[in-house]
Amino acid sequence: MPEAMQEFARQLRRNMTEAEKRLWYHLRGRRLNGAKFKRQQEIGRYIVDFVCFGTRLVIELDGGQHLDSEADRIRDAWLRKQGFEVLRFWNNDVLENTSAVLERIDEMTAPSPPPLSRGGRGAEGGATDRNMERVLWRCRRGMLELDIVLGRFVRERYPALDDRQRAVFDELLDLPDTELWDAITGQKEAAHAQQRVLLEWLKEV
């Protein structure tokens with residue numbers, strides 16, 4: 001590992017953001033599911049905020065400058081090709097909704113659930129993986145409760161959807177966060193019957 005990169009990682013550990021300090025308090029010392037996390041760790045040409053090598057899970061905390069970042073999509077795709085799963089949270093969610101963030105990490109570090117990128121490979125092979133990466137990125141929302149529901153749906157139901165149902169799911173993802181959440185919670189009417197079916201499934205996860 002280049003010395004300059006190692007020094008940069010040390011600087012990041014010495015100058016953690018408030019959100020990073022908050023999350024590290026809960027991750028350090030195997031406090032969550034016995035998973036051993038490291039902070040500001042070098043993986044390839046990247047330095048990730050937190051990583052558990054045992055569960056192959058990377059956690060990144062983002063500020064507003066990361067909104068719809070192409071560089072982040074490229075970075076996440078590379079990490080997934082190395083066998084890591086990537087969770088991203090907004091700094092505000094870590095500071096204001098810590099319990100929900102920890103619930104999501106708990107799901108990913110529990111022994112039973114399989115990592116997202118290792119399931120759902122069909123006849124299309126790599127095409128299936130690329131589609132899952134695209135959908136998972138689109139499911140990342142500013143509203144953490146919505147992010148959790150969509151993430152669960154993708155893990156549990158998305159691989160079994162047919163092409164039409166996946167197209168309808170894309171329609172739902174086109175909605176702003178508040179409208180999609182209202183549709184899931186029944187405060188907004190579905191646009192058509194096929195959306196109604198998927199919304200019922202989303203309510204069940």
# chains A, B, ... in the order shown; residues from 1 in each chain; ligands from 1
$ residues_around --residues "stretch 183-185 of chain A" --least-positions-apart "2" --cutoff "10 Å" --atoms "only C-alpha atoms" --output "short mmCIF file (atom, residue, chain, number, x, y, z; two decimals) with N, CA and C atoms, in the first residue's frame"
data_model
loop_
_atom_site.label_atom_id
_atom_site.label_comp_id
_atom_site.auth_asym_id
_atom_site.auth_seq_id
_atom_site.Cartn_x
_atom_site.Cartn_y
_atom_site.Cartn_z
N LEU A 146 -37.86 4.77 4.31
CA LEU A 146 -38.13 4.33 2.94
C LEU A 146 -36.95 3.53 2.39
N VAL A 149 -37.22 -0.03 3.79
CA VAL A 149 -38.30 -0.81 3.18
C VAL A 149 -37.91 -1.25 1.77
N LEU A 172 -42.39 3.26 -9.77
CA LEU A 172 -42.53 3.70 -8.38
C LEU A 172 -41.29 4.44 -7.90
N LEU A 175 -40.97 8.17 -8.40
CA LEU A 175 -41.71 9.09 -7.55
C LEU A 175 -40.79 9.74 -6.52
N ASP A 177 -39.58 10.95 -2.83
CA ASP A 177 -39.62 10.16 -1.59
C ASP A 177 -40.97 10.25 -0.88
N THR A 178 -41.47 11.47 -0.70
CA THR A 178 -42.70 11.64 0.08
C THR A 178 -43.89 10.98 -0.62
N GLU A 179 -43.98 11.11 -1.94
CA GLU A 179 -45.08 10.50 -2.67
C GLU A 179 -45.00 8.98 -2.63
N LEU A 180 -43.79 8.43 -2.76
CA LEU A 180 -43.64 6.98 -2.71
C LEU A 180 -43.98 6.46 -1.32
N TRP A 181 -43.54 7.16 -0.29
CA TRP A 181 -43.86 6.73 1.08
C TRP A 181 -45.36 6.79 1.34
N GLN A 187 -51.58 6.35 1.90
CA GLN A 187 -52.10 7.72 1.91
C GLN A 187 -52.23 8.29 0.50
N LYS A 188 -51.70 7.57 -0.48
CA LYS A 188 -51.79 7.99 -1.88
C LYS A 188 -52.25 6.80 -2.71
N GLU A 189 -53.16 7.05 -3.64
CA GLU A 189 -53.69 5.99 -4.49
C GLU A 189 -52.66 5.54 -5.53
N ALA A 190 -52.64 4.24 -5.81
CA ALA A 190 -51.79 3.73 -6.87
C ALA A 190 -52.30 4.22 -8.22
N ALA A 191 -51.40 4.42 -9.18
CA ALA A 191 -51.79 4.92 -10.49
C ALA A 191 -52.56 3.87 -11.29
N GLN A 195 -49.36 -1.30 -10.14
CA GLN A 195 -48.67 -0.60 -9.06
C GLN A 195 -49.26 -1.02 -7.71
N ARG A 196 -50.58 -1.20 -7.68
CA ARG A 196 -51.25 -1.57 -6.43
C ARG A 196 -50.71 -2.89 -5.89
N LEU A 198 -47.67 -4.24 -6.39
CA LEU A 198 -46.32 -4.05 -5.84
C LEU A 198 -46.35 -3.28 -4.54
N LEU A 199 -47.24 -2.31 -4.43
CA LEU A 199 -47.34 -1.54 -3.19
C LEU A 199 -47.79 -2.43 -2.03
N GLU A 200 -48.66 -3.39 -2.32
CA GLU A 200 -49.07 -4.34 -1.26
C GLU A 200 -47.89 -5.19 -0.83
N TRP A 201 -47.08 -5.59 -1.78
CA TRP A 201 -45.88 -6.36 -1.41
C TRP A 201 -44.90 -5.54 -0.60
N LEU A 202 -44.77 -4.25 -0.97
CA LEU A 202 -43.87 -3.38 -0.22
C LEU A 202 -44.36 -3.20 1.22
N LYS A 203 -45.66 -3.18 1.41
CA LYS A 203 -46.20 -3.05 2.77
C LYS A 203 -45.88 -4.26 3.63
N GLU A 204 -45.71 -5.41 2.99
CA GLU A 204 -45.51 -6.66 3.74
C GLU A 204 -44.09 -6.86 4.23
#
$ residues_around --residues "A:Gln6" --least-positions-apart "3" --cutoff "12 Å" --atoms "only C-alpha atoms" --output "list in words"
Met1, Pro2, Glu3, Ala9, Arg10, Gln11, Leu12, Arg13, Gln40, Gln41, Glu42, Ile43, Gly44, Arg45, Tyr46 and Ile47 of chain A
$ write_last_selection --atoms "N, CA and C atoms" --output "JSON list (two decimals), in the first residue's frame"
[["chain", "number", "residue", "atom", "x", "y", "z"],
["A", 1, "MET", "N", 0.85, -1.20, 0.00],
["A", 1, "MET", "CA", 0.00, 0.00, 0.00],
["A", 1, "MET", "C", 0.88, 1.25, 0.00],
["A", 2, "PRO", "N", 0.66, 2.21, -0.90],
["A", 2, "PRO", "CA", 1.49, 3.41, -0.94],
["A", 2, "PRO", "C", 1.48, 4.13, 0.40],
["A", 3, "GLU", "N", 2.66, 4.64, 0.79],
["A", 3, "GLU", "CA", 2.79, 5.30, 2.08],
["A", 3, "GLU", "C", 1.89, 6.52, 2.18],
["A", 9, "ALA", "N", -5.12, 7.83, 5.28],
["A", 9, "ALA", "CA", -6.07, 7.05, 6.09],
["A", 9, "ALA", "C", -5.91, 7.38, 7.57],
["A", 10, "ARG", "N", -4.66, 7.52, 8.03],
["A", 10, "ARG", "CA", -4.42, 7.88, 9.44],
["A", 10, "ARG", "C", -4.99, 9.26, 9.75],
["A", 11, "GLN", "N", -4.83, 10.19, 8.81],
["A", 11, "GLN", "CA", -5.39, 11.54, 9.02],
["A", 11, "GLN", "C", -6.91, 11.49, 9.12],
["A", 12, "LEU", "N", -7.53, 10.65, 8.27],
["A", 12, "LEU", "CA", -8.98, 10.53, 8.33],
["A", 12, "LEU", "C", -9.43, 9.94, 9.66],
["A", 13, "ARG", "N", -8.67, 8.99, 10.20],
["A", 13, "ARG", "CA", -9.03, 8.41, 11.50],
["A", 13, "ARG", "C", -8.90, 9.44, 12.62],
["A", 40, "GLN", "N", -11.80, 3.77, 8.27],
["A", 40, "GLN", "CA", -10.88, 4.40, 7.32],
["A", 40, "GLN", "C", -9.84, 3.38, 6.85],
["A", 41, "GLN", "N", -10.35, 2.37, 6.16],
["A", 41, "GLN", "CA", -9.53, 1.23, 5.74],
["A", 41, "GLN", "C", -9.28, 1.30, 4.23],
["A", 42, "GLU", "N", -8.04, 0.98, 3.83],
["A", 42, "GLU", "CA", -7.70, 0.96, 2.41],
["A", 42, "GLU", "C", -8.17, -0.35, 1.79],
["A", 43, "ILE", "N", -8.91, -0.23, 0.68],
["A", 43, "ILE", "CA", -9.29, -1.39, -0.13],
["A", 43, "ILE", "C", -8.99, -1.02, -1.58],
["A", 44, "GLY", "N", -7.99, -1.67, -2.15],
["A", 44, "GLY", "CA", -7.59, -1.29, -3.49],
["A", 44, "GLY", "C", -7.15, 0.15, -3.53],
["A", 45, "ARG", "N", -7.70, 0.92, -4.47],
["A", 45, "ARG", "CA", -7.31, 2.33, -4.59],
["A", 45, "ARG", "C", -8.22, 3.25, -3.79],
["A", 46, "TYR", "N", -9.11, 2.67, -2.98],
["A", 46, "TYR", "CA", -10.06, 3.46, -2.22],
["A", 46, "TYR", "C", -9.81, 3.35, -0.72],
["A", 47, "ILE", "N", -10.27, 4.36, 0.02],
["A", 47, "ILE", "CA", -10.32, 4.31, 1.47],
["A", 47, "ILE", "C", -11.80, 4.37, 1.85]]
$ select_by_dssp --residues "stretch 4-85 of chain A" --states "alpha helix (DSSP H)" --output "JSON, numbers by chain"
{"A": [4, 5, 6, 7, 8, 9, 10, 11, 12, 13, 14, 18, 19, 20, 21, 22, 23, 24, 25, 26, 27, 70, 71, 72, 73, 74, 75, 76, 77, 78, 79, 80, 81]}
$ select_by_dssp --residues "chain A" --states "strand (DSSP E or B)" --output "ChimeraX atom specification"
/A:38-43,46-52,57-62,85-90
$ write_last_selection --atoms "C-alpha atoms" --output "PDB file, in the first residue's frame"
ATOM      1  CA  LYS A  38     -12.311  -1.271  10.899  1.00  0.00           C
ATOM      2  CA  ARG A  39     -12.467   2.452  10.164  1.00  0.00           C
ATOM      3  CA  GLN A  40     -10.880   4.398   7.320  1.00  0.00           C
ATOM      4  CA  GLN A  41      -9.526   1.234   5.738  1.00  0.00           C
ATOM      5  CA  GLU A  42      -7.697   0.962   2.414  1.00  0.00           C
ATOM      6  CA  ILE A  43      -9.289  -1.393  -0.134  1.00  0.00           C
ATOM      7  CA  TYR A  46     -10.064   3.460  -2.218  1.00  0.00           C
ATOM      8  CA  ILE A  47     -10.323   4.308   1.473  1.00  0.00           C
ATOM      9  CA  VAL A  48     -13.705   3.264   2.874  1.00  0.00           C
ATOM     10  CA  ASP A  49     -15.255   4.739   6.008  1.00  0.00           C
ATOM     11  CA  PHE A  50     -15.964   1.401   7.714  1.00  0.00           C
ATOM     12  CA  VAL A  51     -15.513  -2.222   6.681  1.00  0.00           C
ATOM     13  CA  CYS A  52     -16.193  -5.630   8.202  1.00  0.00           C
ATOM     14  CA  LEU A  57     -19.656  -5.216   4.327  1.00  0.00           C
ATOM     15  CA  VAL A  58     -18.555  -1.644   3.574  1.00  0.00           C
ATOM     16  CA  ILE A  59     -20.328   1.321   5.170  1.00  0.00           C
ATOM     17  CA  GLU A  60     -19.987   4.818   3.754  1.00  0.00           C
ATOM     18  CA  LEU A  61     -21.307   8.031   5.331  1.00  0.00           C
ATOM     19  CA  ASP A  62     -22.145  10.846   2.964  1.00  0.00           C
ATOM     20  CA  GLU A  85     -21.697  -5.229  -0.103  1.00  0.00           C
ATOM     21  CA  VAL A  86     -21.955  -1.456   0.249  1.00  0.00           C
ATOM     22  CA  LEU A  87     -24.313   0.467   2.520  1.00  0.00           C
ATOM     23  CA  ARG A  88     -24.489   4.237   2.266  1.00  0.00           C
ATOM     24  CA  PHE A  89     -26.113   6.532   4.828  1.00  0.00           C
ATOM     25  CA  TRP A  90     -26.516  10.279   4.965  1.00  0.00           C
TER      26      TRP A  90
END
$ atom_distance --atom1 "atom CA of A:Trp78" --atom2 "atom CA of A:Met5"
18.3 Å
$ atom_distance --atom1 "atom CA of A:Phe153" --atom2 "atom CA of A:Val205"
6.1 Å
$ decode --residues "stretch 27-93 of chain A" --atoms "C-alpha atoms" --output "PDB file, in the first residue's frame"
ATOM      1  CA  LEU A  27     -19.470  -0.541  15.701  1.00  0.00           C
ATOM      2  CA  ARG A  28     -16.188  -0.701  17.618  1.00  0.00           C
ATOM      3  CA  GLY A  29     -15.286  -3.605  19.880  1.00  0.00           C
ATOM      4  CA  ARG A  30     -17.588  -6.078  18.081  1.00  0.00           C
ATOM      5  CA  ARG A  31     -20.613  -4.375  19.658  1.00  0.00           C
ATOM      6  CA  LEU A  32     -22.954  -5.182  16.763  1.00  0.00           C
ATOM      7  CA  ASN A  33     -23.546  -8.905  16.125  1.00  0.00           C
ATOM      8  CA  GLY A  34     -19.954  -9.598  17.120  1.00  0.00           C
ATOM      9  CA  ALA A  35     -18.839  -8.179  13.756  1.00  0.00           C
ATOM     10  CA  LYS A  36     -15.314  -6.730  13.714  1.00  0.00           C
ATOM     11  CA  PHE A  37     -15.289  -3.380  11.906  1.00  0.00           C
ATOM     12  CA  LYS A  38     -12.311  -1.271  10.899  1.00  0.00           C
ATOM     13  CA  ARG A  39     -12.467   2.452  10.164  1.00  0.00           C
ATOM     14  CA  GLN A  40     -10.880   4.398   7.320  1.00  0.00           C
ATOM     15  CA  GLN A  41      -9.526   1.234   5.738  1.00  0.00           C
ATOM     16  CA  GLU A  42      -7.697   0.962   2.414  1.00  0.00           C
ATOM     17  CA  ILE A  43      -9.289  -1.393  -0.134  1.00  0.00           C
ATOM     18  CA  GLY A  44      -7.590  -1.290  -3.495  1.00  0.00           C
ATOM     19  CA  ARG A  45      -7.312   2.328  -4.590  1.00  0.00           C
ATOM     20  CA  TYR A  46     -10.064   3.460  -2.218  1.00  0.00           C
ATOM     21  CA  ILE A  47     -10.323   4.308   1.473  1.00  0.00           C
ATOM     22  CA  VAL A  48     -13.705   3.264   2.874  1.00  0.00           C
ATOM     23  CA  ASP A  49     -15.255   4.739   6.008  1.00  0.00           C
ATOM     24  CA  PHE A  50     -15.964   1.401   7.714  1.00  0.00           C
ATOM     25  CA  VAL A  51     -15.513  -2.222   6.681  1.00  0.00           C
ATOM     26  CA  CYS A  52     -16.193  -5.630   8.202  1.00  0.00           C
ATOM     27  CA  PHE A  53     -14.058  -8.153   6.329  1.00  0.00           C
ATOM     28  CA  GLY A  54     -15.829 -11.051   8.036  1.00  0.00           C
ATOM     29  CA  THR A  55     -19.189 -10.176   6.465  1.00  0.00           C
ATOM     30  CA  ARG A  56     -17.686  -8.356   3.443  1.00  0.00           C
ATOM     31  CA  LEU A  57     -19.656  -5.216   4.327  1.00  0.00           C
ATOM     32  CA  VAL A  58     -18.555  -1.644   3.574  1.00  0.00           C
ATOM     33  CA  ILE A  59     -20.328   1.321   5.170  1.00  0.00           C
ATOM     34  CA  GLU A  60     -19.987   4.818   3.754  1.00  0.00           C
ATOM     35  CA  LEU A  61     -21.307   8.031   5.331  1.00  0.00           C
ATOM     36  CA  ASP A  62     -22.145  10.846   2.964  1.00  0.00           C
ATOM     37  CA  GLY A  63     -22.810  14.562   3.037  1.00  0.00           C
ATOM     38  CA  GLY A  64     -24.850  16.484   0.475  1.00  0.00           C
ATOM     39  CA  GLN A  65     -21.915  16.645  -1.946  1.00  0.00           C
ATOM     40  CA  HIS A  66     -22.414  12.922  -2.652  1.00  0.00           C
ATOM     41  CA  LEU A  67     -25.961  13.333  -3.984  1.00  0.00           C
ATOM     42  CA  ASP A  68     -26.268  11.440  -7.289  1.00  0.00           C
ATOM     43  CA  SER A  69     -22.486  11.056  -7.539  1.00  0.00           C
ATOM     44  CA  GLU A  70     -21.203   9.155 -10.566  1.00  0.00           C
ATOM     45  CA  ALA A  71     -17.856   8.657  -8.796  1.00  0.00           C
ATOM     46  CA  ASP A  72     -19.662   6.918  -5.931  1.00  0.00           C
ATOM     47  CA  ARG A  73     -21.491   4.621  -8.351  1.00  0.00           C
ATOM     48  CA  ILE A  74     -18.194   3.630  -9.978  1.00  0.00           C
ATOM     49  CA  ARG A  75     -16.589   3.105  -6.564  1.00  0.00           C
ATOM     50  CA  ASP A  76     -19.517   0.988  -5.302  1.00  0.00           C
ATOM     51  CA  ALA A  77     -19.557  -1.126  -8.455  1.00  0.00           C
ATOM     52  CA  TRP A  78     -15.818  -1.830  -8.087  1.00  0.00           C
ATOM     53  CA  LEU A  79     -16.220  -2.799  -4.421  1.00  0.00           C
ATOM     54  CA  ARG A  80     -19.090  -5.146  -5.269  1.00  0.00           C
ATOM     55  CA  LYS A  81     -16.957  -6.824  -7.913  1.00  0.00           C
ATOM     56  CA  GLN A  82     -14.440  -7.534  -5.138  1.00  0.00           C
ATOM     57  CA  GLY A  83     -17.215  -9.288  -3.185  1.00  0.00           C
ATOM     58  CA  PHE A  84     -18.194  -6.474  -0.813  1.00  0.00           C
ATOM     59  CA  GLU A  85     -21.697  -5.229  -0.103  1.00  0.00           C
ATOM     60  CA  VAL A  86     -21.955  -1.456   0.249  1.00  0.00           C
ATOM     61  CA  LEU A  87     -24.313   0.467   2.520  1.00  0.00           C
ATOM     62  CA  ARG A  88     -24.489   4.237   2.266  1.00  0.00           C
ATOM     63  CA  PHE A  89     -26.113   6.532   4.828  1.00  0.00           C
ATOM     64  CA  TRP A  90     -26.516  10.279   4.965  1.00  0.00           C
ATOM     65  CA  ASN A  91     -24.675  11.951   7.854  1.00  0.00           C
ATOM     66  CA  ASN A  92     -27.943  13.436   9.105  1.00  0.00           C
ATOM     67  CA  ASP A  93     -29.520   9.990   9.369  1.00  0.00           C
TER      68      ASP A  93
END
